[in-house]
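Visitor: Structure file structure_26.tsv (TSV, C-alpha atoms and all ligand atoms) right here:
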chain	number	residue	atom	x	y	z
A	18	MET	CA	4.44	-0.37	1.41
A	19	LYS	CA	8.20	-0.19	0.97
A	20	LYS	CA	10.02	2.84	2.36
A	21	ARG	CA	11.60	5.18	-0.17
A	22	ILE	CA	15.16	6.23	-0.88
A	23	PHE	CA	16.30	9.09	-3.08
A	24	SER	CA	19.81	10.06	-4.07
A	25	GLY	CA	21.73	11.67	-6.89
A	26	ALA	CA	25.10	12.73	-8.23
A	27	GLN	CA	26.15	15.62	-10.42
A	28	PRO	CA	27.19	14.94	-14.03
A	29	THR	CA	30.36	16.96	-13.62
A	30	GLY	CA	33.98	15.82	-13.73
A	31	ASN	CA	34.68	12.11	-13.46
A	32	LEU	CA	33.27	9.82	-10.83
A	33	HIS	CA	35.89	8.39	-8.50
A	34	ILE	CA	36.08	5.46	-6.17
A	35	GLY	CA	35.02	7.74	-3.28
A	36	ASN	CA	31.72	8.50	-5.03
A	37	TYR	CA	31.27	4.78	-5.58
A	38	LEU	CA	32.15	3.62	-2.06
A	39	GLY	CA	30.43	6.51	-0.28
A	40	ALA	CA	27.26	6.56	-2.35
A	41	LEU	CA	26.61	4.27	-5.32
A	42	LYS	CA	27.63	1.06	-3.57
A	43	ASN	CA	25.05	1.77	-0.87
A	44	TRP	CA	22.36	2.64	-3.42
A	45	VAL	CA	22.85	-0.75	-5.04
A	46	ALA	CA	22.73	-2.53	-1.68
A	47	LEU	CA	19.55	-0.73	-0.60
A	48	GLN	CA	17.55	-0.91	-3.84
A	49	ASN	CA	15.95	-4.27	-3.10
A	50	GLU	CA	14.68	-3.22	0.27
A	51	TYR	CA	13.47	0.29	-0.65
A	52	GLU	CA	11.52	1.85	-3.47
A	53	SER	CA	14.42	3.75	-5.02
A	54	PHE	CA	14.91	6.93	-7.04
A	55	PHE	CA	18.35	7.68	-8.47
A	56	CYS	CA	18.63	11.00	-10.20
A	57	ILE	CA	21.29	12.59	-12.39
A	58	VAL	CA	21.22	16.11	-11.01
A	59	ASN	CA	22.16	18.18	-14.06
A	60	LEU	CA	20.45	21.34	-12.73
A	61	HIS	CA	22.78	21.27	-9.73
A	62	ALA	CA	25.71	21.01	-12.13
A	63	VAL	CA	24.99	24.40	-13.72
A	64	THR	CA	25.40	26.25	-10.42
A	65	VAL	CA	28.93	26.60	-11.76
A	66	ALA	CA	29.66	27.18	-15.47
A	67	GLN	CA	29.59	24.04	-17.63
A	68	GLU	CA	30.48	23.52	-21.27
A	69	PRO	CA	27.13	22.56	-22.90
A	70	LYS	CA	28.56	19.77	-25.06
A	71	VAL	CA	30.40	18.26	-22.14
A	72	LEU	CA	27.43	18.50	-19.79
A	73	ARG	CA	25.21	16.74	-22.33
A	74	GLN	CA	27.71	13.91	-22.71
A	75	LYS	CA	28.42	13.61	-18.96
A	76	THR	CA	24.72	13.35	-18.20
A	77	LEU	CA	24.40	10.18	-20.26
A	78	ASP	CA	27.78	8.88	-19.09
A	79	LEU	CA	26.65	9.18	-15.49
A	80	ALA	CA	23.49	7.21	-16.26
A	81	ARG	CA	25.74	4.47	-17.71
A	82	ILE	CA	27.83	4.52	-14.54
A	83	TYR	CA	24.71	4.11	-12.37
A	84	LEU	CA	23.68	1.06	-14.39
A	85	ALA	CA	27.18	-0.45	-14.55
A	86	SER	CA	27.43	-0.09	-10.76
A	87	GLY	CA	24.49	-2.43	-10.42
A	88	ILE	CA	21.47	-0.16	-10.25
A	89	ASP	CA	18.69	-2.21	-11.75
A	90	PRO	CA	16.25	-0.11	-13.80
A	91	GLN	CA	13.65	-2.87	-13.45
A	92	ILE	CA	13.35	-2.13	-9.75
A	93	SER	CA	14.77	1.39	-9.35
A	94	THR	CA	13.74	4.62	-11.01
A	95	VAL	CA	16.65	6.24	-12.86
A	96	TYR	CA	16.15	9.62	-14.49
A	97	VAL	CA	17.56	13.05	-15.28
A	98	GLN	CA	16.56	15.91	-12.97
A	99	SER	CA	15.74	18.40	-15.76
A	100	ASP	CA	13.21	15.92	-17.23
A	101	VAL	CA	10.98	16.45	-14.21
A	102	SER	CA	10.29	20.18	-14.03
A	103	GLU	CA	8.59	19.80	-10.64
A	104	HIS	CA	12.10	19.81	-9.11
A	105	SER	CA	12.60	23.42	-10.23
A	106	GLU	CA	9.06	24.40	-9.28
A	107	LEU	CA	9.31	23.15	-5.71
A	108	ALA	CA	12.80	24.64	-5.44
A	109	TRP	CA	11.27	28.06	-6.06
A	110	ILE	CA	8.81	27.53	-3.23
A	111	LEU	CA	11.61	26.38	-0.93
A	112	ASN	CA	13.63	29.48	-1.88
A	113	CYS	CA	10.78	31.39	-0.29
A	114	VAL	CA	10.92	29.21	2.82
A	115	ALA	CA	14.70	29.29	3.26
A	116	ARG	CA	16.49	32.21	4.89
A	117	ILE	CA	19.51	33.83	3.23
A	118	GLY	CA	21.49	33.53	6.47
A	119	GLU	CA	21.08	29.78	6.75
A	120	LEU	CA	22.09	29.32	3.12
A	121	GLU	CA	25.16	31.50	3.60
A	122	ARG	CA	26.19	29.34	6.56
A	123	MET	CA	26.39	26.13	4.50
A	124	THR	CA	30.02	24.95	4.49
A	125	GLN	CA	29.87	23.86	0.84
A	126	PHE	CA	28.70	27.34	-0.17
A	127	LYS	CA	31.37	28.97	1.96
A	128	ASP	CA	34.11	26.74	0.51
A	129	LYS	CA	33.02	27.08	-3.10
A	130	SER	CA	32.39	30.80	-2.94
A	131	ARG	CA	35.69	31.47	-1.20
A	132	VAL	CA	37.65	30.14	-4.17
A	133	ARG	CA	35.42	31.90	-6.71
A	134	GLY	CA	35.55	35.38	-5.26
A	135	GLU	CA	33.08	37.62	-7.12
A	136	ASN	CA	32.17	34.91	-9.57
A	137	VAL	CA	29.50	33.20	-7.45
A	138	SER	CA	26.10	32.45	-8.97
A	139	ALA	CA	22.89	32.89	-7.00
A	140	GLY	CA	22.35	29.23	-7.93
A	141	LEU	CA	25.28	28.21	-5.76
A	142	LEU	CA	23.62	29.89	-2.77
A	143	VAL	CA	20.29	28.16	-3.36
A	144	TYR	CA	21.86	24.81	-4.26
A	145	PRO	CA	20.47	23.29	-1.01
A	146	THR	CA	16.87	24.29	-1.75
A	147	LEU	CA	17.01	22.44	-5.08
A	148	MET	CA	18.46	19.45	-3.29
A	149	ALA	CA	15.72	19.64	-0.64
A	150	SER	CA	13.18	19.78	-3.44
A	151	ASP	CA	14.64	16.61	-5.04
A	152	ILE	CA	14.25	14.76	-1.78
A	153	LEU	CA	10.93	16.13	-0.51
A	154	LEU	CA	9.00	15.67	-3.76
A	155	TYR	CA	9.16	11.89	-3.30
A	156	LYS	CA	8.28	11.76	0.40
A	157	THR	CA	11.68	10.16	0.84
A	158	ASP	CA	12.46	8.21	4.01
A	159	LEU	CA	16.19	7.76	3.57
A	160	VAL	CA	18.91	9.57	1.60
A	161	PRO	CA	22.11	7.54	1.11
A	162	VAL	CA	25.02	9.99	0.68
A	163	GLY	CA	28.65	10.55	1.60
A	164	HIS	CA	29.64	12.43	4.73
A	165	ASP	CA	30.03	15.77	2.89
A	166	GLN	CA	26.26	15.93	2.31
A	167	LYS	CA	25.28	15.71	5.98
A	168	GLN	CA	24.68	19.44	6.34
A	169	HIS	CA	22.52	19.52	3.20
A	170	LEU	CA	20.34	16.84	4.73
A	171	GLU	CA	20.00	18.87	7.90
A	172	ILE	CA	18.79	21.94	6.03
A	173	THR	CA	16.38	19.74	4.04
A	174	ARG	CA	14.88	18.56	7.31
A	175	ASP	CA	14.70	22.15	8.62
A	176	LEU	CA	12.93	23.42	5.49
A	177	ALA	CA	10.45	20.55	5.53
A	178	THR	CA	9.71	21.09	9.21
A	179	ARG	CA	9.24	24.84	8.72
A	180	PHE	CA	6.89	24.32	5.77
A	181	ASN	CA	4.85	21.74	7.72
A	182	ARG	CA	4.58	24.14	10.66
A	183	ASP	CA	3.44	27.06	8.52
A	184	TYR	CA	1.17	25.31	6.02
A	185	GLY	CA	0.20	22.01	7.64
A	186	GLU	CA	1.69	18.54	7.52
A	187	THR	CA	2.90	18.09	3.93
A	188	PHE	CA	6.44	16.75	3.76
A	189	LYS	CA	7.97	13.64	5.23
A	190	ILE	CA	11.11	14.45	7.22
A	191	PRO	CA	13.91	12.41	5.62
A	192	ASP	CA	16.90	10.80	7.33
A	193	ALA	CA	20.43	10.71	5.96
A	194	PHE	CA	21.99	7.30	5.46
A	195	ILE	CA	25.72	7.73	5.92
A	196	SER	CA	27.61	4.47	6.08
A	197	PRO	CA	30.02	4.09	9.02
A	198	THR	CA	32.80	3.03	6.61
A	199	GLY	CA	33.51	4.63	3.25
A	200	ALA	CA	31.47	7.82	3.71
A	201	LYS	CA	34.64	9.87	3.49
A	202	ILE	CA	37.32	8.41	1.27
A	203	LEU	CA	40.43	10.59	1.39
A	204	SER	CA	42.65	11.90	-1.37
A	205	LEU	CA	45.56	9.58	-2.13
A	206	ALA	CA	47.77	12.64	-2.49
A	207	ASP	CA	46.74	14.44	0.69
A	208	ALA	CA	45.05	12.61	3.54
A	209	ALA	CA	43.86	15.90	5.03
A	210	LYS	CA	41.38	16.25	2.13
A	211	LYS	CA	38.58	14.07	0.83
A	212	MET	CA	38.88	12.49	-2.59
A	213	SER	CA	37.17	14.99	-4.86
A	214	LYS	CA	36.14	15.29	-8.50
A	215	SER	CA	37.09	18.91	-8.51
A	216	ASP	CA	40.59	18.41	-7.08
A	217	GLU	CA	43.19	19.79	-9.49
A	218	ASN	CA	45.63	17.09	-8.44
A	219	LEU	CA	44.45	14.10	-10.46
A	220	ASN	CA	46.77	11.80	-8.53
A	221	GLY	CA	44.54	12.13	-5.46
A	222	SER	CA	41.58	10.30	-7.04
A	223	ILE	CA	41.09	6.92	-8.62
A	224	PHE	CA	38.50	7.52	-11.31
A	225	LEU	CA	36.10	4.72	-12.15
A	226	LEU	CA	37.22	4.86	-15.78
A	227	ASP	CA	40.99	4.99	-15.11
A	228	ASP	CA	42.99	2.26	-16.82
A	229	ALA	CA	45.05	-0.34	-14.95
A	230	ASP	CA	48.35	1.39	-15.54
A	231	ILE	CA	47.21	4.72	-14.15
A	232	ILE	CA	45.58	3.07	-11.13
A	233	GLN	CA	48.79	1.23	-10.29
A	234	LYS	CA	50.83	4.44	-10.56
A	235	LYS	CA	48.43	6.46	-8.42
A	236	ILE	CA	48.33	3.85	-5.66
A	237	LYS	CA	52.10	3.41	-5.72
A	238	ARG	CA	52.55	7.17	-5.25
A	239	ALA	CA	49.88	7.44	-2.53
A	240	VAL	CA	51.01	9.18	0.65
A	241	THR	CA	51.47	7.04	3.77
A	242	ASP	CA	51.93	7.79	7.47
A	243	SER	CA	54.84	7.31	9.80
A	244	GLY	CA	54.98	3.92	11.48
A	245	THR	CA	55.07	0.55	9.78
A	246	ASN	CA	52.23	-1.70	10.90
A	247	ILE	CA	49.09	-1.93	8.80
A	248	LYS	CA	46.09	-1.45	11.06
A	249	PHE	CA	42.86	0.55	11.04
A	250	ASP	CA	43.78	3.64	13.00
A	251	GLU	CA	42.09	7.03	12.59
A	252	SER	CA	45.21	8.77	13.82
A	253	ARG	CA	47.06	7.46	10.73
A	254	PRO	CA	44.57	8.62	8.10
A	255	ALA	CA	46.53	7.74	4.95
A	256	ILE	CA	46.98	4.05	5.81
A	257	ASN	CA	43.50	3.91	7.31
A	258	ASN	CA	42.17	5.18	3.98
A	259	LEU	CA	44.02	2.61	1.85
A	260	LEU	CA	42.86	-0.17	4.17
A	261	THR	CA	39.28	1.11	4.05
A	262	ILE	CA	39.24	1.04	0.25
A	263	TYR	CA	40.72	-2.48	0.38
A	264	GLN	CA	38.11	-3.61	2.91
A	265	LEU	CA	35.13	-2.24	1.03
A	266	LEU	CA	36.21	-3.72	-2.30
A	267	THR	CA	37.07	-7.16	-0.94
A	268	GLY	CA	34.14	-7.42	1.46
A	269	LYS	CA	36.52	-8.68	4.19
A	270	THR	CA	36.05	-7.78	7.85
A	271	ALA	CA	38.46	-5.31	9.47
A	272	GLU	CA	40.11	-8.20	11.36
A	273	GLU	CA	40.59	-10.20	8.18
A	274	CYS	CA	42.19	-7.19	6.46
A	275	GLU	CA	44.60	-6.62	9.33
A	276	ALA	CA	45.45	-10.34	9.51
A	277	ASN	CA	46.09	-10.34	5.76
A	278	PHE	CA	48.71	-7.60	6.12
A	279	ALA	CA	50.23	-8.68	9.46
A	280	GLY	CA	54.02	-8.58	9.17
A	281	LYS	CA	53.85	-7.02	5.70
A	282	GLY	CA	54.95	-3.55	4.62
A	283	TYR	CA	53.35	-0.58	2.89
A	284	GLY	CA	54.65	-1.88	-0.45
A	285	ASN	CA	52.56	-5.05	-0.06
A	286	LEU	CA	49.48	-3.09	0.92
A	287	LYS	CA	49.83	-0.88	-2.14
A	288	SER	CA	50.40	-3.69	-4.60
A	289	GLU	CA	47.51	-5.80	-3.25
A	290	LEU	CA	45.24	-2.79	-3.18
A	291	ALA	CA	46.15	-1.85	-6.76
A	292	GLU	CA	45.38	-5.37	-7.91
A	293	THR	CA	42.06	-5.35	-6.04
A	294	VAL	CA	41.00	-2.02	-7.55
A	295	VAL	CA	42.01	-3.04	-11.07
A	296	GLU	CA	40.15	-6.36	-10.79
A	297	PHE	CA	37.09	-4.60	-9.45
A	298	LEU	CA	37.05	-1.91	-12.15
A	299	ARG	CA	37.75	-4.20	-15.11
A	300	PRO	CA	34.25	-5.78	-15.34
A	301	PHE	CA	32.68	-2.46	-14.30
A	302	GLN	CA	34.31	-0.66	-17.24
A	303	GLU	CA	33.23	-3.49	-19.55
A	304	ARG	CA	29.62	-3.02	-18.43
A	305	VAL	CA	29.81	0.74	-19.02
A	306	LYS	CA	30.86	0.11	-22.64
A	307	GLN	CA	28.13	-2.44	-23.26
A	308	ILE	CA	25.16	-0.25	-22.41
A	309	ASP	CA	23.14	0.41	-25.52
A	310	ASP	CA	22.23	4.04	-26.33
A	311	GLY	CA	18.65	3.21	-27.31
A	312	GLU	CA	18.14	1.14	-24.20
A	313	LEU	CA	19.53	3.94	-22.04
A	314	GLU	CA	17.18	6.47	-23.57
A	315	LYS	CA	14.22	4.22	-22.83
A	316	ILE	CA	15.28	3.71	-19.22
A	317	LEU	CA	15.61	7.48	-18.65
A	318	LYS	CA	12.29	8.19	-20.32
A	319	THR	CA	10.41	5.58	-18.30
A	320	GLY	CA	12.18	6.78	-15.15
A	321	ALA	CA	11.18	10.40	-15.75
A	322	GLU	CA	7.53	9.45	-16.32
A	323	LYS	CA	7.36	7.47	-13.10
A	324	ALA	CA	9.12	10.23	-11.13
A	325	ARG	CA	6.93	12.94	-12.61
A	326	SER	CA	3.70	11.21	-11.64
A	327	ILE	CA	4.75	11.20	-7.98
A	328	ALA	CA	6.34	14.66	-8.01
A	329	ARG	CA	3.22	16.22	-9.56
A	330	GLU	CA	1.04	14.97	-6.69
A	331	THR	CA	3.33	16.43	-4.03
A	332	LEU	CA	3.62	19.76	-5.82
A	333	LYS	CA	-0.16	19.93	-6.21
A	334	THR	CA	-0.59	19.55	-2.46
A	335	VAL	CA	2.05	22.22	-1.82
A	336	TYR	CA	0.31	24.71	-4.12
A	337	GLU	CA	-3.07	23.98	-2.55
A	338	ARG	CA	-1.73	24.42	0.97
A	339	MET	CA	-0.17	27.76	0.02
A	340	GLY	CA	-3.16	29.09	-1.88
A	341	ILE	CA	-1.32	29.13	-5.18
A	342	VAL	CA	-4.04	28.78	-7.83
A	343	GLY	CA	-4.45	29.81	-11.43
A	344	ALA	CA	-6.61	28.92	-14.40
A	345	ARG	CA	-5.47	25.33	-14.84
B	401	LIG	P1	33.33	15.84	-5.35
B	401	LIG	O1	33.30	16.34	-3.96
B	401	LIG	O2	34.01	14.53	-5.53
B	401	LIG	O3	33.74	16.89	-6.33
B	401	LIG	P2	30.49	16.00	-5.43
B	401	LIG	O4	30.15	16.00	-3.99
B	401	LIG	O5	30.31	17.20	-6.25
B	401	LIG	O6	31.91	15.41	-5.66
B	401	LIG	P3	28.52	14.21	-6.53
B	401	LIG	O7	28.75	13.50	-7.79
B	401	LIG	O8	27.38	15.09	-6.52
B	401	LIG	O9	29.88	14.80	-6.14
B	401	LIG	O10	28.46	13.20	-5.32
B	401	LIG	C1	27.96	11.94	-5.38
B	401	LIG	C2	28.03	11.27	-4.04
B	401	LIG	O11	29.37	10.94	-3.70
B	401	LIG	C3	27.51	12.11	-2.86
B	401	LIG	O12	26.67	11.29	-2.07
B	401	LIG	C4	28.75	12.45	-2.08
B	401	LIG	O13	28.50	12.59	-0.70
B	401	LIG	C5	29.63	11.25	-2.34
B	401	LIG	N1	31.05	11.53	-2.19
B	401	LIG	C6	31.76	12.52	-2.79
B	401	LIG	N2	33.04	12.47	-2.44
B	401	LIG	C7	33.18	11.42	-1.58
B	401	LIG	C8	34.29	10.85	-0.86
B	401	LIG	N3	35.50	11.34	-0.97
B	401	LIG	N4	34.05	9.78	-0.07
B	401	LIG	C9	32.81	9.27	0.04
B	401	LIG	N5	31.72	9.76	-0.61
B	401	LIG	C10	31.90	10.82	-1.42
B	402	LIG	N1	24.50	17.63	-3.52
B	402	LIG	C1	24.67	16.22	-3.83
B	402	LIG	C2	23.96	15.79	-5.07
B	402	LIG	C3	22.48	15.80	-4.87
B	402	LIG	C4	21.73	14.93	-4.03
B	402	LIG	C5	20.37	15.33	-4.17
B	402	LIG	C6	22.07	13.87	-3.20
B	402	LIG	C7	21.59	16.65	-5.42
B	402	LIG	N2	20.31	16.37	-5.02
B	402	LIG	C8	19.34	14.69	-3.44
B	402	LIG	C9	21.03	13.23	-2.49
B	402	LIG	C10	19.70	13.64	-2.62
B	402	LIG	C11	26.17	15.96	-3.97
B	402	LIG	O1	26.57	14.90	-3.72
B	402	LIG	N3	26.97	16.87	-4.40
Can the structure in the file be given as structure tokens, please?
Guide:
Amino acid sequence: MKKRIFSGAQPTGNLHIGNYLGALKNWVALQNEYESFFCIVNLHAVTVAQEPKVLRQKTLDLARIYLASGIDPQISTVYVQSDVSEHSELAWILNCVARIGELERMTQFKDKSRVRGENVSAGLLVYPTLMASDILLYKTDLVPVGHDQKQHLEITRDLATRFNRDYGETFKIPDAFISPTGAKILSLADAAKKMSKSDENLNGSIFLLDDADIIQKKIKRAVTDSGTNIKFDESRPAINNLLTIYQLLTGKTAEECEANFAGKGYGNLKSELAETVVEFLRPFQERVKQIDDGELEKILKTGAEKARSIARETLKTVYERMGIVGAR
């Protein structure tokens, strides 16, 4: 039996190259080796207010991006979270397992609630229990994510362990898969921050659907560090970041990248990187456009059916273990 992976992204904002390099690229690479579930987590999206029309559109757009990235629906299960109601059902149970204090300590909750002041939904607090539910329903072995999700994986493991202790062995304890390179791509405008969908400064992110002109401008304006030589060096995060993006998109080794830029200046790095990104995104954007609406609907429907059949079994066991019974 193949081991399982589960991962997902929210259909909010626009996906950027950080989301691709930190997450989607790894999903594609792992899908042959693992039985894979890739979810569009629209219920997570509504933890902050969304425009209904936009959310509907973004949900399908994200499915197109999954497929254009190379996720193969013949071997991987692709579906929308709200199509499998077991996610919400198990999340309720996990809300009863989680402690308010541990949820309040999550850095994502702290960051997001700090900027929102009074306007914080209860959903934002319990965001991690829904995420734990996504993962635990499928008895997932490995969860490929970017570095920012590490803490959410830890709480998932804690909740699963606590449930198993209290009600008997039920959940598999999942591991995070965080790639040593690319798990934290930084903003091009501020190397102290990660590249983020929700950043107001659009110049910090290269979006997967940006056109060539915009990409060139953004890379040209990208911040750099003091010094001149082009080497991987954590203490010079801006150049390190540009080189990392270059390395991941070209598939070259770190040594090859450094050799390529030996004796060259930041201008060369930026122009070669811009060309690399544009050439990478051109066929990707073509594939996004070519995905047929009818075909997409079929893929999501088949995906949801497959996911539901597995999720139902896990939820049934959970209810039995807890003594939750009714007439059905
Ligand atoms: P953002 O922080 O960009 O607003 P998010 O965390 O809300 O995005 P999702 O679409 O849910 O975005 O994330 C999809 C995946 O992308 C997650 O696995 C996340 O860890 C990863 N990811 C997000 N930002 C980066 C980044 N800058 N570098 C690497 N991976 C990232
Ligand atoms: N919180 C994640 C998205 C997400 C997820 C998941 C990732 C929701 N459920 C389950 C992996 C597994 C984020 O990247 N913002």
Visitor: From the options A:Ile34, A:Ser138, A:Leu79, A:Glu186, which residue's atoms come nearest to Asp227 of chain A, counting all atoms listed in the file?
Guide: A:Ile34
Visitor: Using only C-alpha atoms and all ligand atoms, which protein or nucleic acid residues are at most 9 Å from ligand LIG 402 (chain B), as number ranges by chain?
Guide: A: 22-27, 36, 40, 55-62, 98, 144-145, 147-152, 160-163, 165-166, 169-170, 193
Visitor: To test the calculation: enclose all listed atoms of ligand LIG 401 (chain B) in a box whose edges run along x, y and z, add 4 Å on each side, then state centre and edge lengths in Å to one decimal, as lines of an AutoDock Vina configuration file.
Guide:
center_x = 31.1
center_y = 13.2
center_z = -3.9
size_x = 16.8
size_y = 15.9
size_z = 15.8
Visitor: Looking at A:Leu260, A:Leu72, A:Leu203, A:Ala177, which one is nearest to ligand LIG 401 (chain B), with distances taken over all atoms listed in the file?
Guide: A:Leu203
Visitor: Which one of A:Pro191, A:Gly199, A:Gly221, A:Gly343 sits closest to ligand LIG 401 (chain B) if you count all atoms listed in the file?
Guide: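 Of the candidates, the smallest distance to ligand LIG 401 (chain B) is held by A:Gly199.
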Visitor: Between atom CA of Pro28 of chain A and atom O8 of ligand LIG 401 (chain B), what distance in Å does the model show, to one decimal?
Guide: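 Between these atoms lies a distance of 7.5 Å.
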Visitor: Taking only C-alpha atoms and all ligand atoms into account, name the residue in A:Ser252, A:Gln233, A:Thr293, A:Ser215 that is nearest to ligand LIG 401 (chain B).
Guide: A:Ser215
Visitor: Given the choices A:Leu159, A:Ile232, A:Ile82, A:Val101, which gets closest to Ile195 of chain A if the distance is worked out from all atoms listed in the file?
Guide: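 The closest residue to Ile195 of chain A is A:Leu159.
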Visitor: At a cut-off of 12 Å from (15.5, 5.9, -6.8) in the coordinates of the file, what residues are picked up using all atoms listed in the file, written as a PyMOL selection string?
Guide: chain A and resi 20-26+41+43-45+47-57+83+88-98+151-152+155-161+317+320-321+323-324
Visitor: Using only C-alpha atoms and all ligand atoms for the distances, tell me which of A:Ser102, A:Ser243, A:Thr178, A:Ser196 is nearest to ligand LIG 401 (chain B).
Guide: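 Ranked by minimum distance to ligand LIG 401 (chain B), first place goes to A:Ser196.
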Visitor: Need the shell around Ile247 of chain A: protein/DNA/RNA residues with any atom at most 8 Å away, counting only C-alpha atoms. Skip same-chain ones fewer than 2 positions apart. Format as a PDB file with C-alpha atoms, in the frame of the given file?
Guide:
ATOM      1  CA  THR A 245      55.070   0.550   9.780  1.00  0.00           C
ATOM      2  CA  PHE A 249      42.860   0.550  11.040  1.00  0.00           C
ATOM      3  CA  ILE A 256      46.980   4.050   5.810  1.00  0.00           C
ATOM      4  CA  LEU A 260      42.860  -0.170   4.170  1.00  0.00           C
ATOM      5  CA  GLU A 275      44.600  -6.620   9.330  1.00  0.00           C
ATOM      6  CA  PHE A 278      48.710  -7.600   6.120  1.00  0.00           C
ATOM      7  CA  ALA A 279      50.230  -8.680   9.460  1.00  0.00           C
ATOM      8  CA  LYS A 281      53.850  -7.020   5.700  1.00  0.00           C
ATOM      9  CA  GLY A 282      54.950  -3.550   4.620  1.00  0.00           C
ATOM     10  CA  TYR A 283      53.350  -0.580   2.890  1.00  0.00           C
ATOM     11  CA  LEU A 286      49.480  -3.090   0.920  1.00  0.00           C
TER      12      LEU A 286
END
Visitor: In Å to one decimal, how far is atom CA of Leu225 of chain A from atom CA of Lys315 of chain A?
Guide: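 About the pair atom CA of Lys315 of chain A and atom CA of Leu225 of chain A: they are 24.4 Å apart.
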Visitor: Write out as an MDAnalysis selection string each polymer residue whose atoms come within 8 Å of Gln168 of chain A, counting all atoms listed in the file; drop sequence neighbours fewer than 4 positions from it.
Guide: chainID A and resid 123:124 172
Visitor: So which residues touch Ser130 of chain A within 12 Å, counting all atoms listed in the file, skipping near sequence neighbours fewer than 3 positions away, as a PDB file with C-alpha atoms, in the frame of the given file?
Guide:
ATOM      1  CA  THR A  64      25.400  26.250 -10.420  1.00  0.00           C
ATOM      2  CA  VAL A  65      28.930  26.600 -11.760  1.00  0.00           C
ATOM      3  CA  GLU A 121      25.160  31.500   3.600  1.00  0.00           C
ATOM      4  CA  ARG A 122      26.190  29.340   6.560  1.00  0.00           C
ATOM      5  CA  MET A 123      26.390  26.130   4.500  1.00  0.00           C
ATOM      6  CA  THR A 124      30.020  24.950   4.490  1.00  0.00           C
ATOM      7  CA  GLN A 125      29.870  23.860   0.840  1.00  0.00           C
ATOM      8  CA  PHE A 126      28.700  27.340  -0.170  1.00  0.00           C
ATOM      9  CA  LYS A 127      31.370  28.970   1.960  1.00  0.00           C
ATOM     10  CA  ARG A 133      35.420  31.900  -6.710  1.00  0.00           C
ATOM     11  CA  GLY A 134      35.550  35.380  -5.260  1.00  0.00           C
ATOM     12  CA  GLU A 135      33.080  37.620  -7.120  1.00  0.00           C
ATOM     13  CA  ASN A 136      32.170  34.910  -9.570  1.00  0.00           C
ATOM     14  CA  VAL A 137      29.500  33.200  -7.450  1.00  0.00           C
ATOM     15  CA  SER A 138      26.100  32.450  -8.970  1.00  0.00           C
ATOM     16  CA  ALA A 139      22.890  32.890  -7.000  1.00  0.00           C
ATOM     17  CA  GLY A 140      22.350  29.230  -7.930  1.00  0.00           C
ATOM     18  CA  LEU A 141      25.280  28.210  -5.760  1.00  0.00           C
ATOM     19  CA  LEU A 142      23.620  29.890  -2.770  1.00  0.00           C
TER      20      LEU A 142
END
Visitor: In Å, with one decimal, what is the gap from atom CA of Met212 of chain A to atom CA of Lys70 of chain A?
Guide: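 Here the two named atoms are 25.8 Å from each other.
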Visitor: Using all atoms listed in the file, can you list as a list in words the residues within 12 Å of (15.7, 33.0, 0.6)?
Guide: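 Result, sorted by chain then residue number: Ala108, Trp109, Ile110, Leu111, Asn112, Cys113, Val114, Ala115, Arg116, Ile117, Gly118, Glu119, Leu120, Glu121, Ala139, Gly140, Leu142, Val143, Tyr144, Pro145, Thr146 and Leu176 of chain A.
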Visitor: Would you mind completing segment 35-41 of chain A so that it carries N, CA, C and O atoms, and writing it out as an mmCIF file, keeping the file's coordinate frame?
Guide:
data_model
loop_
_atom_site.group_PDB
_atom_site.id
_atom_site.type_symbol
_atom_site.label_atom_id
_atom_site.label_comp_id
_atom_site.auth_asym_id
_atom_site.auth_seq_id
_atom_site.Cartn_x
_atom_site.Cartn_y
_atom_site.Cartn_z
ATOM 1 N N GLY A 35 35.678 7.174 -4.464
ATOM 2 C CA GLY A 35 35.020 7.740 -3.280
ATOM 3 C C GLY A 35 33.523 7.889 -3.515
ATOM 4 O O GLY A 35 32.713 7.543 -2.650
ATOM 5 N N ASN A 36 33.148 8.382 -4.692
ATOM 6 C CA ASN A 36 31.720 8.500 -5.030
ATOM 7 C C ASN A 36 31.074 7.108 -5.018
ATOM 8 O O ASN A 36 29.960 6.935 -4.537
ATOM 9 N N TYR A 37 31.823 6.133 -5.538
ATOM 10 C CA TYR A 37 31.270 4.780 -5.580
ATOM 11 C C TYR A 37 31.114 4.206 -4.169
ATOM 12 O O TYR A 37 30.036 3.746 -3.788
ATOM 13 N N LEU A 38 32.186 4.264 -3.384
ATOM 14 C CA LEU A 38 32.150 3.620 -2.060
ATOM 15 C C LEU A 38 31.264 4.381 -1.076
ATOM 16 O O LEU A 38 30.623 3.783 -0.218
ATOM 17 N N GLY A 39 31.224 5.716 -1.212
ATOM 18 C CA GLY A 39 30.430 6.510 -0.280
ATOM 19 C C GLY A 39 28.955 6.568 -0.649
ATOM 20 O O GLY A 39 28.097 6.784 0.213
ATOM 21 N N ALA A 40 28.648 6.390 -1.930
ATOM 22 C CA ALA A 40 27.260 6.560 -2.350
ATOM 23 C C ALA A 40 26.749 5.374 -3.174
ATOM 24 O O ALA A 40 25.946 4.570 -2.692
ATOM 25 N N LEU A 41 27.213 5.258 -4.405
ATOM 26 C CA LEU A 41 26.610 4.270 -5.320
ATOM 27 C C LEU A 41 26.563 2.840 -4.787
ATOM 28 O O LEU A 41 25.569 2.139 -4.984
#
